[in-house]
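What follows is target.cif (mmCIF, C-alpha atoms).
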```cif
data_structure
loop_
_atom_site.label_atom_id
_atom_site.label_comp_id
_atom_site.auth_asym_id
_atom_site.auth_seq_id
_atom_site.Cartn_x
_atom_site.Cartn_y
_atom_site.Cartn_z
CA MET A 53 2.39 6.82 4.47
CA GLU A 54 -0.40 6.98 2.07
CA ALA A 55 -0.88 9.34 -0.77
CA VAL A 56 -3.32 11.91 0.43
CA PRO A 57 -6.06 12.87 -2.00
CA THR A 58 -6.04 16.57 -2.86
CA ASN A 59 -9.34 16.72 -4.64
CA GLU A 60 -12.57 14.77 -4.81
CA LYS A 61 -11.48 12.70 -7.80
CA GLU A 62 -8.46 11.48 -5.90
CA SER A 63 -10.27 11.01 -2.61
CA VAL A 64 -9.95 7.56 -1.15
CA GLY A 65 -13.07 5.77 0.02
CA GLY A 66 -15.41 7.96 -2.00
CA SER A 67 -15.78 10.82 0.46
CA GLY A 68 -14.58 14.37 0.28
CA GLY A 69 -13.73 16.72 3.11
CA GLY A 70 -16.31 18.14 5.45
CA ASP A 71 -18.71 16.24 7.68
CA VAL A 72 -17.54 13.02 9.20
CA VAL A 73 -18.80 10.16 7.08
CA GLU A 74 -20.43 7.31 8.96
CA VAL A 75 -19.73 4.05 7.17
CA ILE A 76 -19.84 0.39 7.95
CA ASP A 77 -17.61 -1.04 5.27
CA GLY A 78 -16.62 -4.69 5.46
CA GLY A 79 -13.27 -6.17 4.65
CA GLY A 80 -10.65 -3.60 5.41
CA GLY A 81 -12.51 -0.42 6.21
CA GLU A 82 -14.05 -1.51 9.49
CA GLY A 83 -16.24 1.55 9.87
CA TRP A 84 -16.19 3.85 12.88
CA VAL A 85 -15.18 1.91 15.93
CA ASP A 86 -17.09 4.17 18.31
CA GLU A 87 -18.06 7.75 18.99
CA GLU A 88 -14.64 8.45 20.46
CA GLU A 89 -12.94 7.65 17.17
CA LYS A 90 -15.35 9.97 15.35
CA ARG A 91 -14.62 12.70 17.87
CA ARG A 92 -10.87 12.33 17.41
CA VAL A 93 -11.20 12.54 13.64
CA GLY A 94 -13.04 15.85 14.13
CA VAL A 95 -10.35 17.15 16.49
CA MET A 96 -7.64 16.04 14.09
CA ARG A 97 -9.35 17.80 11.19
CA GLY A 98 -9.35 21.05 13.17
CA ILE A 99 -5.61 20.76 13.84
CA LEU A 100 -4.83 19.90 10.22
CA GLU A 101 -6.85 22.70 8.65
CA LYS A 102 -5.36 25.24 11.03
CA GLN A 103 -1.80 24.28 10.08
CA ASP A 104 -2.33 23.45 6.40
CA PRO A 105 -5.31 24.91 4.48
CA SER A 106 -5.03 22.18 1.85
CA ALA A 107 -6.18 19.69 4.50
CA LYS A 108 -9.75 20.88 3.84
CA GLU A 109 -9.65 18.70 0.72
CA VAL A 110 -8.68 15.58 2.66
CA ASP A 111 -11.58 13.21 3.29
CA ASP A 112 -12.40 11.82 6.71
CA LEU A 113 -11.50 8.24 5.82
CA THR A 114 -7.97 9.38 5.03
CA ILE A 115 -7.75 11.23 8.34
CA ARG A 116 -9.00 8.11 10.06
CA ARG A 117 -6.30 5.95 8.47
CA PHE A 118 -3.54 8.26 9.70
CA LEU A 119 -5.18 8.39 13.13
CA ARG A 120 -5.35 4.60 13.32
CA ALA A 121 -1.76 4.31 12.10
CA ARG A 122 -0.76 6.11 15.29
CA ASP A 123 -3.08 4.15 17.61
CA LEU A 124 -5.66 6.97 17.77
CA ASP A 125 -3.09 9.49 19.05
CA VAL A 126 -4.38 12.76 17.57
CA GLU A 127 -1.09 14.65 17.82
CA LYS A 128 0.97 11.88 16.25
CA GLY A 129 -1.64 11.21 13.59
CA SER A 130 -1.81 14.90 12.72
CA ALA A 131 1.96 15.17 12.48
CA LEU A 132 2.08 12.15 10.17
CA LEU A 133 -0.60 13.53 7.85
CA LEU A 134 0.88 17.03 7.78
CA GLN A 135 4.22 15.50 6.83
CA CYS A 136 2.48 13.58 4.06
CA LEU A 137 0.74 16.66 2.67
CA SER A 138 4.06 18.48 2.47
CA TRP A 139 5.79 15.45 0.92
CA ARG A 140 3.07 15.01 -1.66
CA ARG A 141 3.37 18.61 -2.86
CA SER A 142 7.10 18.30 -3.40
CA PHE A 143 7.38 14.71 -4.61
CA VAL A 144 4.25 14.60 -6.78
CA PRO A 145 3.79 18.24 -7.87
CA ASN A 146 1.56 17.27 -10.82
CA SER A 147 -0.77 15.24 -8.58
CA CYS A 148 0.29 11.93 -10.15
CA ILE A 149 3.35 10.09 -11.43
CA SER A 150 3.44 9.70 -15.21
CA PRO A 151 4.59 6.41 -16.80
CA SER A 152 7.17 8.51 -18.67
CA GLU A 153 8.88 9.15 -15.31
CA ILE A 154 9.41 5.44 -14.57
CA PRO A 155 10.30 3.75 -17.90
CA ASN A 156 12.92 1.40 -16.47
CA GLN A 157 10.67 0.19 -13.69
CA LEU A 158 7.78 -0.52 -16.06
CA ALA A 159 10.10 -2.27 -18.52
CA ASP A 160 10.92 -4.89 -15.88
CA LYS A 161 7.29 -6.11 -16.00
CA LYS A 162 7.41 -6.99 -12.34
CA LEU A 163 4.05 -5.75 -11.02
CA PHE A 164 0.54 -6.78 -11.99
CA MET A 165 -2.96 -6.07 -10.72
CA GLN A 166 -6.29 -7.73 -11.27
CA GLY A 167 -9.10 -9.27 -9.32
CA HIS A 168 -10.17 -8.93 -5.69
CA ASP A 169 -9.97 -11.16 -2.65
CA LYS A 170 -13.03 -12.48 -0.83
CA LEU A 171 -13.27 -9.23 1.14
CA GLY A 172 -13.28 -7.09 -1.99
CA ARG A 173 -9.68 -5.92 -1.66
CA PRO A 174 -7.70 -5.46 -4.90
CA VAL A 175 -5.02 -8.10 -5.48
CA VAL A 176 -1.53 -7.06 -6.59
CA VAL A 177 1.15 -9.52 -7.72
CA GLY A 178 4.84 -8.62 -7.72
CA PHE A 179 7.79 -10.62 -9.04
CA ALA A 180 10.79 -9.69 -6.92
CA GLY A 181 13.19 -11.70 -9.04
CA ARG A 182 12.57 -9.37 -12.00
CA HIS A 183 13.71 -6.30 -10.10
CA ARG A 184 16.98 -4.78 -11.30
CA PRO A 185 18.65 -2.54 -8.69
CA SER A 186 20.03 0.75 -9.96
CA LYS A 187 22.56 3.18 -8.52
CA GLY A 188 19.82 5.46 -7.22
CA VAL A 189 16.36 4.82 -5.80
CA GLU A 190 14.49 7.87 -7.11
CA GLU A 191 12.83 6.12 -10.03
CA LEU A 192 11.91 3.18 -7.81
CA LYS A 193 10.34 5.54 -5.28
CA ARG A 194 8.28 7.14 -8.04
CA PHE A 195 7.28 3.68 -9.23
CA VAL A 196 6.09 2.79 -5.74
CA VAL A 197 3.97 5.95 -5.55
CA TYR A 198 2.65 5.34 -9.08
CA THR A 199 1.69 1.81 -8.06
CA LEU A 200 0.03 2.71 -4.77
CA ASP A 201 -1.90 5.56 -6.36
CA LYS A 202 -3.07 3.17 -9.07
CA ILE A 203 -4.17 0.59 -6.51
CA CYS A 204 -6.06 3.17 -4.47
CA SER A 205 -7.85 4.48 -7.55
CA ARG A 206 -9.09 0.95 -8.31
CA MET A 207 -10.54 0.25 -4.88
CA PRO A 208 -14.31 -0.27 -4.78
CA SER A 209 -16.42 2.07 -2.70
CA GLY A 210 -16.08 1.37 1.00
CA GLN A 211 -12.77 -0.47 0.61
CA GLU A 212 -9.50 0.94 1.91
CA LYS A 213 -7.00 -1.91 1.77
CA PHE A 214 -5.31 -4.17 -0.76
CA VAL A 215 -3.69 -7.61 -0.80
CA ALA A 216 -0.20 -8.17 -2.22
CA ILE A 217 1.34 -11.43 -3.39
CA VAL A 218 5.12 -11.15 -3.72
CA ASP A 219 6.57 -14.02 -5.72
CA LEU A 220 10.26 -14.55 -4.94
CA GLU A 221 10.93 -17.31 -7.46
CA GLY A 222 14.26 -16.60 -9.15
CA TRP A 223 15.24 -14.04 -6.51
CA GLY A 224 18.99 -13.86 -5.86
CA TYR A 225 21.70 -11.41 -4.94
CA SER A 226 21.42 -9.79 -8.38
CA SER A 227 17.85 -8.86 -7.45
CA CYS A 228 18.63 -7.79 -3.90
CA ASP A 229 18.09 -4.09 -3.28
CA ILE A 230 18.09 -3.26 0.43
CA ARG A 231 18.04 0.51 -0.18
CA GLY A 232 15.11 0.08 -2.54
CA TYR A 233 13.20 -2.15 -0.12
CA LEU A 234 13.63 0.33 2.71
CA ALA A 235 12.60 3.26 0.49
CA ALA A 236 9.46 1.41 -0.62
CA LEU A 237 8.68 0.41 2.96
CA SER A 238 9.01 4.00 4.13
CA ILE A 239 6.58 5.23 1.47
CA LEU A 240 4.05 2.53 2.33
CA GLN A 241 4.20 3.10 6.08
CA ASP A 242 4.59 6.87 6.16
CA TYR A 243 2.49 8.04 3.22
CA PHE A 244 0.00 5.20 2.65
CA PRO A 245 -0.75 3.98 6.21
CA GLU A 246 -3.46 1.41 6.79
CA ARG A 247 -3.60 0.58 3.08
CA LEU A 248 -1.95 -2.85 3.15
CA GLY A 249 -4.41 -5.52 4.18
CA LYS A 250 -2.22 -8.59 3.72
CA LEU A 251 1.17 -9.47 2.21
CA LEU A 252 1.81 -13.05 1.11
CA LEU A 253 5.42 -14.01 0.36
CA ILE A 254 5.58 -17.08 -1.89
CA HIS A 255 8.29 -19.23 -3.49
CA VAL A 256 10.71 -17.89 -0.89
CA PRO A 257 14.32 -19.09 -1.39
CA SER A 258 16.40 -19.61 1.73
CA ILE A 259 18.90 -17.01 0.51
CA PHE A 260 16.19 -14.33 0.76
CA MET A 261 16.19 -14.60 4.55
CA THR A 262 19.54 -12.81 4.64
CA ALA A 263 17.95 -9.70 3.16
CA TRP A 264 14.80 -10.20 5.23
CA LYS A 265 16.76 -10.02 8.48
CA VAL A 266 18.08 -6.60 7.44
CA VAL A 267 14.69 -5.20 6.44
CA TYR A 268 12.56 -6.73 9.20
CA PRO A 269 13.58 -4.32 12.04
CA PHE A 270 12.31 -1.38 9.95
CA ILE A 271 8.82 -2.84 9.57
CA ASP A 272 6.35 -1.39 12.07
CA ASN A 273 4.40 -3.77 14.27
CA LYS A 274 1.09 -3.19 12.51
CA THR A 275 2.61 -4.15 9.16
CA LYS A 276 4.44 -7.18 10.57
CA LYS A 277 1.10 -8.70 11.58
CA LYS A 278 -0.07 -8.54 7.96
CA ILE A 279 2.85 -10.49 6.48
CA SER A 280 2.78 -14.25 5.91
CA PHE A 281 5.30 -16.67 4.39
CA VAL A 282 3.52 -19.35 2.36
CA GLU A 283 4.87 -22.90 2.08
CA ASN A 284 5.23 -24.12 -1.51
CA LYS A 285 3.24 -27.28 -0.81
CA ARG A 286 0.33 -25.22 0.50
CA LEU A 287 0.52 -22.41 -2.04
CA LYS A 288 -2.73 -22.87 -3.94
CA SER A 289 -4.80 -23.83 -0.90
CA THR A 290 -3.47 -20.84 1.06
CA LEU A 291 -4.22 -18.43 -1.79
CA LEU A 292 -7.71 -19.91 -2.18
CA ASP A 293 -8.37 -19.24 1.51
CA ASP A 294 -8.35 -15.54 0.67
CA ILE A 295 -9.01 -15.35 -3.08
CA ASP A 296 -11.73 -17.10 -5.06
CA GLU A 297 -10.51 -19.19 -7.99
CA SER A 298 -12.30 -16.85 -10.39
CA GLN A 299 -10.16 -13.96 -9.09
CA LEU A 300 -6.88 -15.81 -8.67
CA PRO A 301 -4.12 -15.33 -11.30
CA ASP A 302 -3.93 -18.25 -13.72
CA ILE A 303 -0.26 -18.90 -12.94
CA TYR A 304 -1.39 -19.97 -9.45
CA GLY A 305 -4.23 -22.18 -10.65
CA GLY A 306 -6.88 -19.48 -10.97
CA LYS A 307 -8.76 -18.08 -13.95
CA LEU A 308 -7.43 -14.53 -14.38
CA ARG A 309 -4.48 -13.64 -16.55
CA LEU A 310 -1.92 -11.20 -15.19
CA ILE A 311 -2.35 -7.58 -16.25
CA PRO A 312 0.63 -5.19 -15.98
CA ILE A 313 0.01 -2.42 -13.46
CA GLN A 314 0.27 0.26 -16.19
CA ASP A 315 -2.52 -1.46 -18.17
CA SER A 316 -4.85 -2.11 -15.27
#
```
Would you give me this structure, written as structure tokens?
Amino acid sequence: MEAVPTNEKESVGGSGGGDVVEVIDGGGGEGWVDEEEKRRVGVMRGILEKQDPSAKEVDDLTIRRFLRARDLDVEKGSALLLQCLSWRRSFVPNSCISPSEIPNQLADKKLFMQGHDKLGRPVVVGFAGRHRPSKGVEELKRFVVYTLDKICSRMPSGQEKFVAIVDLEGWGYSSCDIRGYLAALSILQDYFPERLGKLLLIHVPSIFMTAWKVVYPFIDNKTKKKISFVENKRLKSTLLDDIDESQLPDIYGGKLRLIPIQDS
């Protein structure tokens, strides 16, 4: 799911609670589909505020994302968002994750963010081969929330989604972390819905498909449609289809150097 903003500074999409915001925002925030969608957002807000007063601080674009994540089913969308509000209070009591809470994850230097794709979506680059599984997944879960919050805070006005490039070069069984993958997937789908715009898997070793077969059944259908495996021989051309050379990381033939997520 997506982290739900609890005040105007954290609000996603630049709108606070209150009146439904009418927007036509290209490249990931498609705007209001029709009057029926607007009506359902209003109905959903009424349900949310009745059951959880803190929902008054949630902006309408966030409500819309949770509604869309459940195919415009108001009851299911409301339940998902109420669950997220409760989770956020307990898991992120200080409103954000501090770098001091995730030292081991940051030390791996496995996640970077810079640039935007041609639709204005932030680009995130992750190196799966640098991940070091640990006995527990709590720090990883906090790292995922830290990362997604950071990405959301860097989105330009009117944008709601991001693009991720996951580089699997060097990935092997020592990097494999099924529990961690499933925990990260759960956070993305349950607390940050409708945030992922596209996921490109590159430099994929054949051995990775063993782990992929385990994780794949847990990916919801909406997310599956956003995932692409990129052939090595078509790597640069495929990336350039979505990302201008001026915004592409230099290690893939672009002009931007990688910036660690904590420094972005």
Item checked: Pick from A:Val189, A:Met207, A:Ile239, A:Leu220 nearest to Arg173 (chain A), counting only C-alpha atoms ->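 For Arg173 (chain A), the nearest of the given residues is A:Met207.
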Next item on the list: Evaluate the PyMOL selection byres ((chain A and resi 192) around 10) and record the selected residues as a ChimeraX atom specification, following the chain and residue labels used in the document.
Entry: /A:154,156-158,183,185-186,188-191,193-198,232-233,235-236
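Checking A:Gly181, A:Pro245, A:Pro151, A:Gly172 one by one against Val218 (chain A), counting only C-alpha atoms, you find the shortest gap at A:Gly181.
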Notebook entry, point to check: Of the residues A:His168, A:Arg141, A:Arg231, A:His255, which is the one nearest to Pro301 (chain A), using only C-alpha atoms?
Noted result: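 Of A:His168, A:Arg141, A:Arg231, A:His255, the one nearest Pro301 (chain A), counting only C-alpha atoms, is A:His168.
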Check: So, counting all atoms listed in the file, which residue among A:Leu137, A:Val256, A:Val267, A:Leu163 is closest to Lys285 (chain A)?
Finding: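 Among the listed residues, A:Val256 lies closest to Lys285 (chain A).
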Next item on the list: Could you give me, as a PyMOL selection string, the residues within 12 Å of Leu251 (chain A), counting only C-alpha atoms and dropping anything in the same chain fewer than 5 positions from it?
Entry: chain A and resi 175-178+213-219+275-282+291+294
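Taking CA of Lys108 (chain A) and CA of Ser130 (chain A) as the two end points, the separation is 13.3 Å.
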Next item on the list: Convert the output of the PyMOL selection byres ((chain A and resi 246-248) around 10) on the shown file into explicit residues, formatted as a ChimeraX atom specification.
Entry: /A:53-55,80-81,114,116-121,173,200,203-204,211-216,240-245,249-251,274-275,278-279
C-alpha atoms of the current selection, written as a CSV table (one decimal), in the coordinates of the input:
```
chain,number,residue,atom,x,y,z
A,53,MET,CA,2.4,6.8,4.5
A,54,GLU,CA,-0.4,7.0,2.1
A,55,ALA,CA,-0.9,9.3,-0.8
A,80,GLY,CA,-10.6,-3.6,5.4
A,81,GLY,CA,-12.5,-0.4,6.2
A,114,THR,CA,-8.0,9.4,5.0
A,116,ARG,CA,-9.0,8.1,10.1
A,117,ARG,CA,-6.3,6.0,8.5
A,118,PHE,CA,-3.5,8.3,9.7
A,119,LEU,CA,-5.2,8.4,13.1
A,120,ARG,CA,-5.4,4.6,13.3
A,121,ALA,CA,-1.8,4.3,12.1
A,173,ARG,CA,-9.7,-5.9,-1.7
A,200,LEU,CA,0.0,2.7,-4.8
A,203,ILE,CA,-4.2,0.6,-6.5
A,204,CYS,CA,-6.1,3.2,-4.5
A,211,GLN,CA,-12.8,-0.5,0.6
A,212,GLU,CA,-9.5,0.9,1.9
A,213,LYS,CA,-7.0,-1.9,1.8
A,214,PHE,CA,-5.3,-4.2,-0.8
A,215,VAL,CA,-3.7,-7.6,-0.8
A,216,ALA,CA,-0.2,-8.2,-2.2
A,240,LEU,CA,4.0,2.5,2.3
A,241,GLN,CA,4.2,3.1,6.1
A,242,ASP,CA,4.6,6.9,6.2
A,243,TYR,CA,2.5,8.0,3.2
A,244,PHE,CA,0.0,5.2,2.6
A,245,PRO,CA,-0.8,4.0,6.2
A,249,GLY,CA,-4.4,-5.5,4.2
A,250,LYS,CA,-2.2,-8.6,3.7
A,251,LEU,CA,1.2,-9.5,2.2
A,274,LYS,CA,1.1,-3.2,12.5
A,275,THR,CA,2.6,-4.2,9.2
A,278,LYS,CA,-0.1,-8.5,8.0
A,279,ILE,CA,2.8,-10.5,6.5
```
Notebook entry, point to check: What does the distance from CA of Leu171 (chain A) to CA of Leu234 (chain A) come to in Å, to one decimal?
Noted result: 28.6 Å
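Minimum atom-to-atom distance to Glu89 (chain A), evaluated using all atoms listed in the file, belongs to A:Asp112 out of A:Ile271, A:Arg286, A:Lys102, A:Asp112.
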Item checked: Counting only C-alpha atoms, the residue of A:Leu134, A:Ile230, A:Pro269, A:Leu237 that sits nearest Pro105 (chain A) ->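 So, comparing all the options, the nearest one is A:Leu134.
CA of Glu87 (chain A) to CA of Asp272 (chain A) spans 27.0 Å [interatomic distance, one decimal].
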How big is the axis-aligned box around the listed atoms of region 138-157 of chain A once 8 Å is added on each side, and where is its centre? Give both in Å to one decimal, as lines of an AutoDock Vina configuration file.
```
center_x = 6.1
center_y = 9.4
center_z = -8.1
size_x = 29.7
size_y = 34.4
size_z = 37.1
```
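Evaluated on this file, the PyMOL selection byres ((chain A and resi 310) around 12) matches Lys161, Lys162, Leu163, Phe164, Met165, Gln166, Gly167, Val175, Val176, Val177, Gly178, Phe179, Gln299, Leu300, Pro301, Asp302, Ile303, Tyr304, Gly306, Lys307, Leu308, Arg309, Ile311, Pro312, Ile313, Gln314, Asp315 and Ser316 of chain A.
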